[in-house]
$ cat query.cif   # mmCIF, C-alpha atoms
data_coords
#
loop_
_atom_site.label_atom_id
_atom_site.label_comp_id
_atom_site.auth_asym_id
_atom_site.auth_seq_id
_atom_site.Cartn_x
_atom_site.Cartn_y
_atom_site.Cartn_z
CA MET S 3 0.00 0.00 0.00
CA ILE S 4 2.82 2.42 0.86
CA GLU S 5 4.42 1.78 -2.52
CA THR S 6 1.11 2.41 -4.30
CA TYR S 7 0.57 5.60 -2.30
CA PHE S 8 3.88 7.14 -3.34
CA ARG S 9 3.40 6.04 -6.94
CA LYS S 10 -0.23 7.08 -7.42
CA ILE S 11 -1.25 9.67 -4.80
CA SER S 12 1.82 11.48 -3.51
CA PRO S 13 2.76 13.10 -6.86
CA CYS S 14 -0.78 14.52 -7.12
CA MET S 15 -1.08 15.78 -3.53
CA PRO S 16 2.41 15.90 -1.94
CA LEU S 17 2.06 15.49 1.83
CA LEU S 18 5.09 13.40 2.76
CA GLU S 19 8.84 13.55 2.12
CA GLN S 20 9.29 10.11 0.62
CA ASP S 21 12.93 9.38 1.55
CA SER S 22 12.66 10.35 5.21
CA PHE S 23 9.28 8.62 5.56
CA ARG S 24 10.60 5.36 4.12
CA GLN S 25 13.69 5.52 6.31
CA GLN S 26 11.66 6.03 9.47
CA LEU S 27 9.21 3.32 8.43
CA ARG S 28 12.14 0.95 7.99
CA ASP S 29 14.27 1.93 11.01
CA ASP S 30 11.91 3.20 13.70
CA LYS S 31 8.29 2.45 12.83
CA LYS S 32 7.16 2.44 16.47
CA LYS S 33 7.84 6.17 16.78
CA MET S 34 5.75 7.06 13.74
CA SER S 35 2.32 8.64 14.08
CA PRO S 36 -0.28 5.83 14.34
CA ALA S 37 -2.92 8.18 12.95
CA LEU S 38 -0.78 8.98 9.92
CA LEU S 39 -0.16 5.32 9.09
CA ALA S 40 -3.78 4.38 9.69
CA CYS S 41 -5.04 7.18 7.42
CA ILE S 42 -2.61 6.21 4.66
CA TYR S 43 -3.90 2.63 4.72
CA ALA S 44 -7.53 3.77 4.82
CA HIS S 45 -6.93 6.34 2.08
CA MET S 46 -5.56 3.66 -0.24
CA VAL S 47 -8.44 1.19 0.17
CA VAL S 48 -10.50 2.66 -2.68
CA TYR S 49 -7.50 2.58 -5.04
CA CYS S 50 -6.21 -0.88 -4.17
CA ALA S 51 -9.62 -2.56 -3.91
CA HIS S 52 -10.33 -1.94 -7.60
CA SER S 53 -6.78 -2.51 -8.82
CA PRO S 54 -6.39 -5.33 -11.38
CA LYS S 55 -3.53 -6.71 -9.25
CA MET S 56 -5.93 -7.20 -6.33
CA ALA S 57 -8.69 -8.83 -8.38
CA GLY S 58 -9.89 -12.04 -6.78
CA GLN S 59 -7.93 -11.50 -3.57
CA PRO S 60 -9.61 -11.10 -0.17
CA TRP S 61 -9.90 -7.49 0.91
CA PRO S 62 -10.86 -6.04 4.32
CA ASP S 63 -14.05 -4.03 4.67
CA GLY S 64 -13.39 -0.38 3.87
CA ARG S 65 -15.75 0.95 6.54
CA PHE S 66 -13.97 -1.12 9.20
CA ILE S 67 -10.58 0.29 8.15
CA TRP S 68 -11.91 3.85 8.17
CA ASN S 69 -13.39 3.37 11.65
CA LEU S 70 -9.98 2.30 12.94
CA ALA S 71 -8.30 5.24 11.19
CA ASN S 72 -10.81 7.71 12.65
CA GLU S 73 -10.30 6.31 16.13
CA ALA S 74 -6.52 6.73 15.85
CA LEU S 75 -6.91 10.19 14.34
CA TYR S 76 -9.21 11.65 17.00
CA SER S 77 -7.10 10.15 19.77
CA GLU S 78 -3.88 11.67 18.46
CA LEU S 79 -5.60 14.97 17.67
CA HIS S 80 -6.36 15.46 21.35
CA LEU S 81 -3.17 13.98 22.78
CA SER S 82 -0.31 15.16 20.54
CA PRO S 83 -1.27 17.51 17.71
CA GLY S 84 1.55 18.39 15.31
CA VAL S 85 2.50 18.35 11.64
CA PRO S 86 1.85 14.58 11.30
CA ILE S 87 -1.74 15.04 12.50
CA ILE S 88 -2.32 17.73 9.85
CA THR S 89 -1.11 15.29 7.21
CA ALA S 90 -3.31 12.55 8.67
CA ILE S 91 -6.34 14.87 8.58
CA LEU S 92 -5.69 15.73 4.93
CA LEU S 93 -5.48 12.04 4.08
CA ASN S 94 -8.68 11.48 6.04
CA VAL S 95 -10.78 14.23 4.44
CA GLY S 96 -9.24 13.34 1.08
CA GLY S 97 -10.39 9.76 1.46
CA ARG S 98 -13.17 8.27 -0.62
CA PRO S 99 -16.03 7.82 -0.58
CA THR S 100 -17.14 10.94 1.28
CA THR S 101 -19.57 9.97 4.03
CA SER S 102 -19.33 12.79 6.60
CA LEU S 103 -19.22 16.36 5.31
CA ILE S 104 -19.72 17.84 8.77
CA GLY S 105 -17.05 15.60 10.28
CA ASN S 106 -14.64 16.56 7.51
CA GLY S 107 -15.39 20.22 8.15
CA VAL S 108 -14.58 19.84 11.84
CA LEU S 109 -11.31 18.06 11.02
CA LEU S 110 -10.32 20.70 8.49
CA ALA S 111 -11.00 23.46 11.00
CA SER S 112 -8.74 21.65 13.48
CA ALA S 113 -6.02 21.25 10.85
CA VAL S 114 -6.14 24.95 9.93
CA SER S 115 -5.92 25.92 13.60
CA ILE S 116 -2.92 23.66 14.21
CA ALA S 117 -1.27 24.84 10.98
CA HIS S 118 -1.51 28.45 12.12
CA SER S 119 -0.12 27.51 15.53
CA LEU S 120 2.88 25.81 13.88
CA GLY S 121 3.48 28.66 11.43
CA LEU S 122 2.72 26.69 8.28
CA ASN S 123 0.99 29.80 6.93
CA HIS S 124 4.32 31.68 6.81
CA ASP S 125 6.94 31.68 4.05
CA PRO S 126 9.84 29.46 5.25
CA THR S 127 12.14 30.30 2.34
CA ASP S 128 14.68 32.21 4.45
CA TRP S 129 14.42 30.01 7.53
CA ASN S 130 17.44 28.07 8.77
CA ILE S 131 15.94 24.63 8.18
CA PRO S 132 16.69 21.89 5.60
CA GLU S 133 15.34 22.45 2.09
CA SER S 134 13.34 19.23 2.30
CA GLU S 135 11.53 20.55 5.38
CA LYS S 136 10.80 23.85 3.62
CA ARG S 137 9.29 21.98 0.66
CA LEU S 138 7.24 19.78 2.96
CA ARG S 139 5.85 22.67 5.01
CA MET S 140 4.80 24.56 1.88
CA SER S 141 3.28 21.47 0.24
CA ILE S 142 1.22 20.65 3.32
CA TRP S 143 -0.01 24.24 3.52
CA TRP S 144 -1.11 24.31 -0.11
CA ALA S 145 -2.80 20.91 0.19
CA LEU S 146 -4.70 22.28 3.20
CA PHE S 147 -5.58 25.37 1.17
CA VAL S 148 -6.95 23.24 -1.69
CA HIS S 149 -9.09 21.06 0.59
CA ASP S 150 -10.39 24.06 2.52
CA LYS S 151 -11.62 25.96 -0.54
CA TRP S 152 -13.21 23.07 -2.44
CA THR S 153 -14.85 21.77 0.73
CA SER S 154 -16.24 25.27 1.29
CA LEU S 155 -17.85 25.16 -2.15
CA ALA S 156 -19.27 21.67 -1.59
CA GLN S 157 -20.69 22.46 1.86
CA GLY S 158 -21.94 25.97 1.16
CA THR S 159 -20.02 27.35 4.16
CA PRO S 160 -17.29 30.03 4.25
CA PRO S 161 -13.68 28.81 4.02
CA ARG S 162 -11.44 28.79 7.07
CA ILE S 163 -8.27 30.17 5.45
CA ALA S 164 -8.20 33.91 4.75
CA ARG S 165 -6.17 35.28 1.84
CA SER S 166 -4.65 38.02 4.01
CA GLN S 167 -3.35 35.62 6.66
CA HIS S 168 -0.74 33.60 4.76
CA ASP S 169 2.30 34.43 2.63
CA VAL S 170 3.49 31.00 1.49
CA PRO S 171 4.78 31.34 -2.10
CA PRO S 172 2.73 29.49 -4.74
CA PRO S 173 4.15 26.08 -5.65
CA THR S 174 6.06 25.59 -8.88
CA ARG S 175 7.20 22.47 -10.69
CA GLN S 176 10.81 23.42 -10.00
CA GLN S 177 10.18 23.85 -6.27
CA LEU S 178 8.20 20.61 -5.93
CA CYS S 179 10.54 18.37 -7.92
CA LYS S 180 13.75 16.85 -6.64
CA PRO S 181 16.66 16.17 -9.03
CA GLY S 182 16.30 12.93 -10.96
CA LEU S 183 12.50 12.83 -10.85
CA VAL S 184 10.94 10.98 -13.79
CA GLU S 185 9.07 13.11 -16.34
CA LYS S 186 5.66 11.70 -15.42
CA ASP S 187 6.05 12.73 -11.77
CA SER S 188 7.47 16.07 -12.86
CA TRP S 189 4.29 16.83 -14.79
CA ALA S 190 2.22 15.58 -11.86
CA ALA S 191 3.93 18.26 -9.75
CA SER S 192 3.04 20.82 -12.41
CA ILE S 193 -0.58 19.65 -12.32
CA PHE S 194 -0.64 20.06 -8.53
CA ALA S 195 0.75 23.59 -8.89
CA ALA S 196 -1.97 24.30 -11.47
CA LEU S 197 -4.64 22.97 -9.09
CA VAL S 198 -3.41 25.35 -6.39
CA GLY S 199 -3.62 28.23 -8.87
CA LEU S 200 -7.17 27.26 -9.85
CA THR S 201 -8.07 27.04 -6.18
CA SER S 202 -6.87 30.62 -5.73
CA VAL S 203 -9.35 31.63 -8.45
CA LEU S 204 -12.05 29.69 -6.61
CA ASP S 205 -11.08 31.58 -3.45
CA THR S 206 -11.87 34.85 -5.22
CA CYS S 207 -15.26 33.45 -6.20
CA LEU S 208 -15.95 32.24 -2.66
CA GLU S 209 -15.20 35.68 -1.25
CA ASN S 210 -17.78 37.04 -3.67
CA MET S 211 -20.34 34.36 -2.78
CA TYR S 212 -20.09 34.60 0.99
CA ARG S 213 -19.78 38.37 1.32
CA ILE S 214 -22.66 39.60 3.47
CA GLU S 215 -22.39 43.27 2.55
CA GLN S 216 -23.68 44.34 -0.87
CA ARG S 217 -25.06 40.89 -1.68
CA GLN S 218 -27.07 42.30 -4.56
CA SER S 219 -24.03 43.52 -6.51
CA ARG S 220 -21.94 40.43 -7.07
CA GLY S 221 -19.82 41.34 -10.05
CA THR S 222 -18.14 38.48 -11.88
CA LEU S 223 -15.67 40.35 -14.10
CA GLN S 224 -12.90 40.06 -11.50
CA ILE S 225 -13.43 36.29 -11.21
CA GLU S 226 -13.59 35.81 -14.97
CA LEU S 227 -10.37 37.79 -15.41
CA ALA S 228 -8.66 35.75 -12.68
CA LEU S 229 -9.68 32.50 -14.40
CA HIS S 230 -8.43 33.63 -17.82
CA THR S 231 -5.18 34.89 -16.27
CA TRP S 232 -4.66 31.55 -14.58
CA VAL S 233 -5.19 29.62 -17.82
CA ASP S 234 -2.79 31.96 -19.62
CA SER S 235 -0.08 31.33 -17.00
CA LEU S 236 -0.11 27.53 -17.27
CA GLU S 237 2.69 25.44 -18.70
CA GLU S 238 1.96 23.61 -21.94
CA VAL S 239 0.89 20.24 -20.52
CA PRO S 240 -1.43 21.52 -17.74
CA ARG S 241 -2.83 24.01 -20.23
CA MET S 242 -3.69 21.24 -22.71
CA ILE S 243 -5.25 19.18 -19.92
CA THR S 244 -7.35 22.10 -18.77
CA VAL S 245 -8.46 23.64 -22.03
CA ARG S 246 -8.59 20.69 -24.41
CA GLY S 247 -8.84 17.66 -22.13
CA THR S 248 -5.74 15.92 -23.49
CA SER S 249 -2.92 14.09 -21.65
CA LEU S 250 -5.47 12.77 -19.17
CA ASP S 251 -3.32 9.70 -18.44
CA LEU S 252 -0.97 11.85 -16.33
CA PRO S 253 -1.48 11.56 -12.55
CA GLY S 254 -4.02 14.11 -11.34
CA ALA S 255 -4.92 15.30 -14.85
CA CYS S 256 -8.56 14.17 -14.78
CA ASN S 257 -9.14 15.78 -11.40
CA LEU S 258 -7.70 19.07 -12.70
CA ARG S 259 -9.89 18.96 -15.80
CA LEU S 260 -13.06 18.28 -13.79
CA SER S 261 -12.17 21.01 -11.29
CA TYR S 262 -11.71 23.47 -14.15
CA LEU S 263 -15.06 22.59 -15.70
CA SER S 264 -16.67 22.89 -12.27
CA MET S 265 -15.13 26.35 -11.84
CA LYS S 266 -16.38 27.44 -15.27
CA LEU S 267 -19.91 26.23 -14.52
CA LEU S 268 -19.86 27.98 -11.14
CA LEU S 269 -18.79 31.22 -12.80
CA GLN S 270 -21.49 30.90 -15.46
CA ARG S 271 -24.18 30.22 -12.88
CA THR S 272 -22.99 33.17 -10.80
CA GLN S 273 -23.24 35.40 -13.86
CA LEU S 274 -26.73 34.10 -14.61
CA GLU S 275 -27.92 34.78 -11.06
CA ALA S 276 -26.44 38.29 -11.22
CA MET S 277 -28.36 38.90 -14.46
CA LYS S 278 -31.61 37.69 -12.89
CA GLN S 279 -31.16 40.16 -10.04
CA ALA S 280 -30.29 43.07 -12.33
CA SER S 281 -33.25 45.15 -13.46
CA ASN S 282 -31.80 45.93 -16.89
CA SER S 283 -31.16 42.35 -18.07
CA SER S 284 -32.99 41.42 -21.26
CA GLU S 285 -34.60 38.08 -22.05
CA GLU S 286 -31.97 37.53 -24.74
CA GLN S 287 -29.14 37.99 -22.23
CA LEU S 288 -30.72 35.56 -19.79
CA LEU S 289 -31.34 32.97 -22.50
CA ASN S 290 -27.78 33.30 -23.81
CA SER S 291 -26.33 32.83 -20.33
CA SER S 292 -28.56 29.81 -19.69
CA LEU S 293 -27.48 28.20 -22.96
CA GLN S 294 -23.82 28.77 -22.12
CA GLY S 295 -24.37 27.06 -18.78
CA ARG S 296 -26.08 24.14 -20.45
CA GLN S 297 -23.19 23.76 -22.89
CA LEU S 298 -20.77 23.63 -19.95
CA ALA S 299 -22.94 20.94 -18.37
CA GLU S 300 -22.68 19.03 -21.64
CA GLU S 301 -18.88 19.36 -21.51
CA ILE S 302 -18.91 17.79 -18.05
CA LEU S 303 -21.13 14.99 -19.37
CA PHE S 304 -18.82 14.26 -22.34
CA PHE S 305 -15.73 14.36 -20.13
CA THR S 306 -17.28 11.88 -17.70
CA ARG S 307 -18.57 9.62 -20.45
CA ASP S 308 -15.12 9.31 -22.03
CA LEU S 309 -13.29 8.36 -18.82
CA GLN S 310 -11.45 5.05 -19.13
CA PRO S 311 -10.66 2.59 -16.30
CA ILE S 312 -7.17 4.09 -15.89
CA HIS S 313 -8.77 7.50 -15.36
CA LEU S 314 -11.45 6.24 -12.98
CA ASN S 315 -8.78 4.68 -10.76
CA ASP S 316 -6.64 7.82 -10.77
CA PHE S 317 -6.39 10.47 -8.06
CA TRP S 318 -9.60 12.42 -7.41
CA LEU S 319 -10.43 15.03 -4.80
CA PRO S 320 -13.54 13.59 -3.12
CA VAL S 321 -15.22 17.02 -3.00
CA ALA S 322 -14.95 17.15 -6.81
CA ALA S 323 -17.82 14.66 -6.72
CA PHE S 324 -20.13 17.56 -5.86
CA THR S 325 -19.60 18.88 -9.38
CA TYR S 326 -22.16 16.32 -10.53
CA PRO S 327 -25.11 17.19 -8.26
CA SER S 328 -24.35 20.85 -8.92
CA THR S 329 -24.55 20.19 -12.66
CA ILE S 330 -27.81 18.25 -12.32
CA ASN S 331 -29.22 21.02 -10.12
CA PHE S 332 -28.53 23.58 -12.81
CA LEU S 333 -30.06 21.44 -15.56
CA LEU S 334 -33.22 20.56 -13.61
CA ARG S 335 -33.79 24.12 -12.45
CA HIS S 336 -33.45 25.32 -16.03
CA ALA S 337 -35.90 22.68 -17.23
CA LEU S 338 -38.39 23.48 -14.45
CA GLU S 339 -38.29 27.18 -15.28
CA THR S 340 -39.18 26.60 -18.93
CA GLU S 341 -41.84 23.85 -18.82
CA SER S 342 -45.19 23.51 -17.05
CA SER S 343 -45.96 19.83 -17.64
CA VAL S 344 -44.23 16.58 -16.82
CA THR S 345 -44.11 15.54 -20.48
CA GLY S 346 -42.69 18.89 -21.51
CA LEU S 347 -40.11 18.74 -18.74
CA ALA S 348 -38.93 15.27 -19.78
CA GLN S 349 -38.53 16.41 -23.39
CA THR S 350 -36.31 19.41 -22.64
CA SER S 351 -32.64 19.25 -23.60
CA SER S 352 -31.69 20.08 -20.02
CA PHE S 353 -33.62 17.14 -18.59
CA GLN S 354 -32.22 14.79 -21.23
CA LEU S 355 -28.67 15.87 -20.35
CA ALA S 356 -29.40 15.29 -16.67
CA ARG S 357 -30.76 11.84 -17.43
CA GLN S 358 -27.72 10.95 -19.55
CA LEU S 359 -25.32 12.09 -16.84
CA ILE S 360 -27.13 9.96 -14.25
CA ASP S 361 -26.91 6.96 -16.59
CA ILE S 362 -23.17 7.51 -17.14
CA LEU S 363 -22.44 7.80 -13.43
CA ARG S 364 -24.48 4.67 -12.73
CA LEU S 365 -22.60 2.76 -15.45
CA HIS S 366 -19.20 3.77 -14.05
CA LYS S 367 -20.37 2.71 -10.59
CA GLU S 368 -21.68 -0.68 -11.69
CA THR S 369 -18.80 -1.48 -14.06
CA HIS S 370 -15.77 -0.10 -12.23
CA GLY S 371 -16.96 0.68 -8.71
CA TRP S 372 -16.33 4.41 -9.23
CA ASP S 373 -17.73 6.27 -6.23
CA MET S 374 -17.42 9.86 -7.47
CA GLY S 375 -21.02 9.74 -8.67
CA ASP S 376 -22.50 8.33 -5.45
CA VAL S 377 -23.69 11.66 -4.05
CA CYS S 378 -25.31 12.64 -7.33
CA LEU S 379 -27.00 9.26 -7.74
CA ALA S 380 -28.31 9.36 -4.17
CA GLN S 381 -29.71 12.87 -4.57
CA HIS S 382 -31.03 12.85 -8.12
CA ALA S 383 -31.58 9.35 -9.54
CA GLU S 384 -34.95 9.14 -7.79
CA ILE S 385 -35.96 12.57 -9.11
CA ILE S 386 -35.19 11.55 -12.69
CA ASN S 387 -37.04 8.26 -12.25
CA LYS S 388 -40.04 10.04 -10.74
CA VAL S 389 -40.40 12.31 -13.76
CA LEU S 390 -39.98 9.43 -16.23
CA ALA S 391 -42.54 7.33 -14.34
CA ASN S 392 -45.08 10.16 -14.49
CA VAL S 393 -44.47 10.55 -18.23
CA ALA S 394 -45.20 6.84 -18.69
CA GLN S 395 -48.42 7.14 -16.68
CA GLU S 396 -49.47 10.21 -18.63
CA SER S 397 -49.01 8.37 -21.93
CA HIS S 398 -51.48 5.74 -20.66
CA GLY S 399 -54.04 8.33 -19.64
CA ALA S 400 -53.61 7.95 -15.89
CA GLU S 401 -55.37 10.43 -13.64
CA ASN S 402 -54.00 12.54 -10.79
CA MET S 403 -50.89 13.36 -12.76
CA LEU S 404 -48.21 15.61 -11.37
CA ASP S 405 -48.76 19.21 -12.48
CA LEU S 406 -45.66 21.37 -12.63
CA HIS S 407 -47.52 24.57 -13.44
CA ASP S 408 -47.56 25.77 -9.85
CA PHE S 409 -43.86 25.13 -9.42
CA VAL S 410 -42.40 26.81 -12.49
CA MET S 411 -41.65 30.09 -10.77
CA SER S 412 -38.57 32.22 -10.28
CA ASP S 413 -38.87 31.79 -6.52
CA ASP S 414 -36.31 29.17 -5.45
CA PHE S 415 -38.45 28.29 -2.44
CA MET S 416 -41.13 26.84 -4.72
CA LEU S 417 -38.55 24.75 -6.57
CA ASP S 418 -37.22 23.48 -3.27
CA GLU S 419 -40.75 22.55 -2.19
CA PHE S 420 -41.20 20.41 -5.29
CA PHE S 421 -37.71 18.92 -5.42
CA PRO S 422 -36.29 19.17 -1.88
CA SER S 423 -33.11 17.34 -2.92
CA LEU S 424 -32.09 20.26 -5.12
CA TRP S 425 -30.01 21.77 -2.32
CA ASP S 426 -27.23 23.83 -3.81
CA PRO S 427 -24.56 25.99 -2.12
CA LEU S 428 -24.94 28.70 -4.76
CA TYR S 429 -28.61 29.15 -3.81
CA ASN S 430 -28.07 28.82 -0.07
CA VAL S 431 -25.32 31.32 0.76
#

$ encode --input "query.cif" --output "structure tokens"
Amino acid sequence: MIETYFRKISPCMPLLEQDSFRQQLRDDKKKMSPALLACIYAHMVVYCAHSPKMAGQPWPDGRFIWNLANEALYSELHLSPGVPIITAILLNVGGRPTTSLIGNGVLLASAVSIAHSLGLNHDPTDWNIPESEKRLRMSIWWALFVHDKWTSLAQGTPPRIARSQHDVPPPTRQQLCKPGLVEKDSWAASIFAALVGLTSVLDTCLENMYRIEQRQSRGTLQIELALHTWVDSLEEVPRMITVRGTSLDLPGACNLRLSYLSMKLLLQRTQLEAMKQASNSSEEQLLNSSLQGRQLAEEILFFTRDLQPIHLNDFWLPVAAFTYPSTINFLLRHALETESSVTGLAQTSSFQLARQLIDILRLHKETHGWDMGDVCLAQHAEIINKVLANVAQESHGAENMLDLHDFVMSDDFMLDEFFPSLWDPLYNV
């Protein structure tokens, strides 16, 4: 498992200094953090369980392993918090499948608090410590930054790290890579650096979303400019991954591509909501923005449909899974706002896209055990089936059919009354 971790996960989310970790594991394992080791083993269950090398071999229950890891983590968190416990927390909240958003939020808050206490939020470049320790401190901080911001988006709660309270320099491929690193791992480091940059753009968007003052004037030009500037600054390979969806076999590439599409859809939805609130927005502007959002949803569908087994078993941020329910939310809301009958709703392009995405996620789950669609399937598969069942009844002349006329309103409360599962951070901040 340790070997698989350093080969598959560590290049995508660097949290450990491999040489020193291996040496301590070999020479003095008893002095290592039990929580850290337990969380590494638990973190790797989802990757090893579906590995071709493990096919047909007995495998321990994932829930049992996670329970042991959580027990070790909470015990060490209270008894001896330090840098290892921050790493253990990041492995814990980065574990799949996601089953406890609130618990993850509590752990992240603890990790941020400990990180501030240990000075991980400060630039260590000029400190009199080994270069390997400098790299490790900065990598852990940026991994914490990434988890904090994307978890904030998934939960609909403000992030815990403030832009004005850290000065750690952004990671670069040169800073992350040691001499002699193979090209594949070198590009994985570049992809991680790109993910941190994209997360900084998300941070700008989150500040806009969660600002209490002047909630009615949420301009998006600053966010759009930040996103374009980030894309323009990328190296060739991360740029091709992000913009064109190529080189997806590189470690972490698929996660970066999905995160980028999620960011674009979030920006488009934010722009659409701003237009709806503005008194001078025309019907043409609203329609154009809605169509752009639907095209982005279609991009997410095509990307997910084309994922191969090697991609499905690659590194994924678990909170990236919330891209899918967010996409379905957008599509269903758009369909509900434009149709007043069940049959009409089911025939809209938006509903058809939502149905296709559900089918794709279900296929990946059944065929390859991919859990990134679990949240979306749990929240929306029943909704899709309910609409399709009512269409079938309507075609046979059944009475007491569902009437959407009363629910097709601009008021989000009415939509929530009809489809209570359509909870969405963008509509609840």

$ residues_around --input "query.cif" --residues "segment 371-385 of chain S" --least-positions-apart "3" --cutoff "6 Å" --atoms "only C-alpha atoms" --output "list in words"
Ala323, Tyr326, Pro327, Leu363, His366, Lys367, Glu368, Lys388 and Ser423 of chain S

$ residues_around --input "query.cif" --residues "Gln270 of chain S" --least-positions-apart "4" --cutoff "8 Å" --atoms "all atoms listed in the file" --output "list in words"
Lys266, Leu274, Ser291, Gln294 and Gly295 of chain S

$ write_last_selection --input "query.cif" --atoms "C-alpha atoms" --output "compact mmCIF listing (two decimals), in the frame of the given file"
# COMPACT_ATOMS: atom_id res chain seq x y z
CA LYS S 266 -16.38 27.44 -15.27
CA LEU S 274 -26.73 34.10 -14.61
CA SER S 291 -26.33 32.83 -20.33
CA GLN S 294 -23.82 28.77 -22.12
CA GLY S 295 -24.37 27.06 -18.78

$ atom_distance --input "query.cif" --atom1 "atom CA of His370 of chain S" --atom2 "atom CA of Arg98 of chain S"
14.5 Å

$ closest_residue --input "query.cif" --among "S:Asp251, S:Glu226, S:Asp234, S:Glu78" --to "Thr272 of chain S" --atoms "all atoms listed in the file"
S:Glu226

$ closest_atom_pairs --input "query.cif" --of "segment 62-108 of chain S" --to "segment 112-126 of chain S" --cutoff "10 Å" --atoms "only C-alpha atoms" --output "Markdown table"
| residue | atom | partner | partner_atom | distance |
| --- | --- | --- | --- | --- |
| S:Leu79 | CA | S:Ser112 | CA | 8.5 |
| S:Pro83 | CA | S:Ile116 | CA | 7.3 |
| S:Gly84 | CA | S:Ile116 | CA | 7.0 |
| S:Val85 | CA | S:Ala117 | CA | 7.5 |
| S:Ile87 | CA | S:Ala113 | CA | 7.7 |
| S:Ile88 | CA | S:Ala113 | CA | 5.2 |
| S:Thr89 | CA | S:Ala113 | CA | 8.5 |
| S:Ala90 | CA | S:Ala113 | CA | 9.4 |
| S:Ile91 | CA | S:Ala113 | CA | 6.8 |
| S:Leu92 | CA | S:Ala113 | CA | 8.1 |
| S:Asn106 | CA | S:Ser112 | CA | 9.8 |
| S:Gly107 | CA | S:Ser112 | CA | 8.6 |
| S:Val108 | CA | S:Ser112 | CA | 6.3 |

$ write_last_selection --input "query.cif" --atoms "C-alpha atoms" --output "short mmCIF file (atom, residue, chain, number, x, y, z; two decimals), in the coordinates of the input"
data_model
loop_
_atom_site.label_atom_id
_atom_site.label_comp_id
_atom_site.auth_asym_id
_atom_site.auth_seq_id
_atom_site.Cartn_x
_atom_site.Cartn_y
_atom_site.Cartn_z
CA LEU S 79 -5.60 14.97 17.67
CA PRO S 83 -1.27 17.51 17.71
CA GLY S 84 1.55 18.39 15.31
CA VAL S 85 2.50 18.35 11.64
CA ILE S 87 -1.74 15.04 12.50
CA ILE S 88 -2.32 17.73 9.85
CA THR S 89 -1.11 15.29 7.21
CA ALA S 90 -3.31 12.55 8.67
CA ILE S 91 -6.34 14.87 8.58
CA LEU S 92 -5.69 15.73 4.93
CA ASN S 106 -14.64 16.56 7.51
CA GLY S 107 -15.39 20.22 8.15
CA VAL S 108 -14.58 19.84 11.84
#

$ resolve_selection --input "query.cif" --expression "the PyMOL selection byres ((chain S and resi 329) around 12)" --output "NGL selection string"
:S and (260 or 263-268 or 270-271 or 295-303 or 322-328 or 330-336 or 352-353 or 355-360 or 375 or 378 or 382 or 424-426 or 428)

$ write_last_selection --input "query.cif" --atoms "C-alpha atoms" --output "JSON list (two decimals), in the frame of the given file"
[["chain", "number", "residue", "atom", "x", "y", "z"],
["S", 260, "LEU", "CA", -13.06, 18.28, -13.79],
["S", 263, "LEU", "CA", -15.06, 22.59, -15.70],
["S", 264, "SER", "CA", -16.67, 22.89, -12.27],
["S", 265, "MET", "CA", -15.13, 26.35, -11.84],
["S", 266, "LYS", "CA", -16.38, 27.44, -15.27],
["S", 267, "LEU", "CA", -19.91, 26.23, -14.52],
["S", 268, "LEU", "CA", -19.86, 27.98, -11.14],
["S", 270, "GLN", "CA", -21.49, 30.90, -15.46],
["S", 271, "ARG", "CA", -24.18, 30.22, -12.88],
["S", 295, "GLY", "CA", -24.37, 27.06, -18.78],
["S", 296, "ARG", "CA", -26.08, 24.14, -20.45],
["S", 297, "GLN", "CA", -23.19, 23.76, -22.89],
["S", 298, "LEU", "CA", -20.77, 23.63, -19.95],
["S", 299, "ALA", "CA", -22.94, 20.94, -18.37],
["S", 300, "GLU", "CA", -22.68, 19.03, -21.64],
["S", 301, "GLU", "CA", -18.88, 19.36, -21.51],
["S", 302, "ILE", "CA", -18.91, 17.79, -18.05],
["S", 303, "LEU", "CA", -21.13, 14.99, -19.37],
["S", 322, "ALA", "CA", -14.95, 17.15, -6.81],
["S", 323, "ALA", "CA", -17.82, 14.66, -6.72],
["S", 324, "PHE", "CA", -20.13, 17.56, -5.86],
["S", 325, "THR", "CA", -19.60, 18.88, -9.38],
["S", 326, "TYR", "CA", -22.16, 16.32, -10.53],
["S", 327, "PRO", "CA", -25.11, 17.19, -8.26],
["S", 328, "SER", "CA", -24.35, 20.85, -8.92],
["S", 330, "ILE", "CA", -27.81, 18.25, -12.32],
["S", 331, "ASN", "CA", -29.22, 21.02, -10.12],
["S", 332, "PHE", "CA", -28.53, 23.58, -12.81],
["S", 333, "LEU", "CA", -30.06, 21.44, -15.56],
["S", 334, "LEU", "CA", -33.22, 20.56, -13.61],
["S", 335, "ARG", "CA", -33.79, 24.12, -12.45],
["S", 336, "HIS", "CA", -33.45, 25.32, -16.03],
["S", 352, "SER", "CA", -31.69, 20.08, -20.02],
["S", 353, "PHE", "CA", -33.62, 17.14, -18.59],
["S", 355, "LEU", "CA", -28.67, 15.87, -20.35],
["S", 356, "ALA", "CA", -29.40, 15.29, -16.67],
["S", 357, "ARG", "CA", -30.76, 11.84, -17.43],
["S", 358, "GLN", "CA", -27.72, 10.95, -19.55],
["S", 359, "LEU", "CA", -25.32, 12.09, -16.84],
["S", 360, "ILE", "CA", -27.13, 9.96, -14.25],
["S", 375, "GLY", "CA", -21.02, 9.74, -8.67],
["S", 378, "CYS", "CA", -25.31, 12.64, -7.33],
["S", 382, "HIS", "CA", -31.03, 12.85, -8.12],
["S", 424, "LEU", "CA", -32.09, 20.26, -5.12],
["S", 425, "TRP", "CA", -30.01, 21.77, -2.32],
["S", 426, "ASP", "CA", -27.23, 23.83, -3.81],
["S", 428, "LEU", "CA", -24.94, 28.70, -4.76]]

$ closest_residue --input "query.cif" --among "S:Ser12, S:Gln287, S:Gln167, S:Thr127" --to "Ala145 of chain S" --atoms "only C-alpha atoms"
S:Ser12
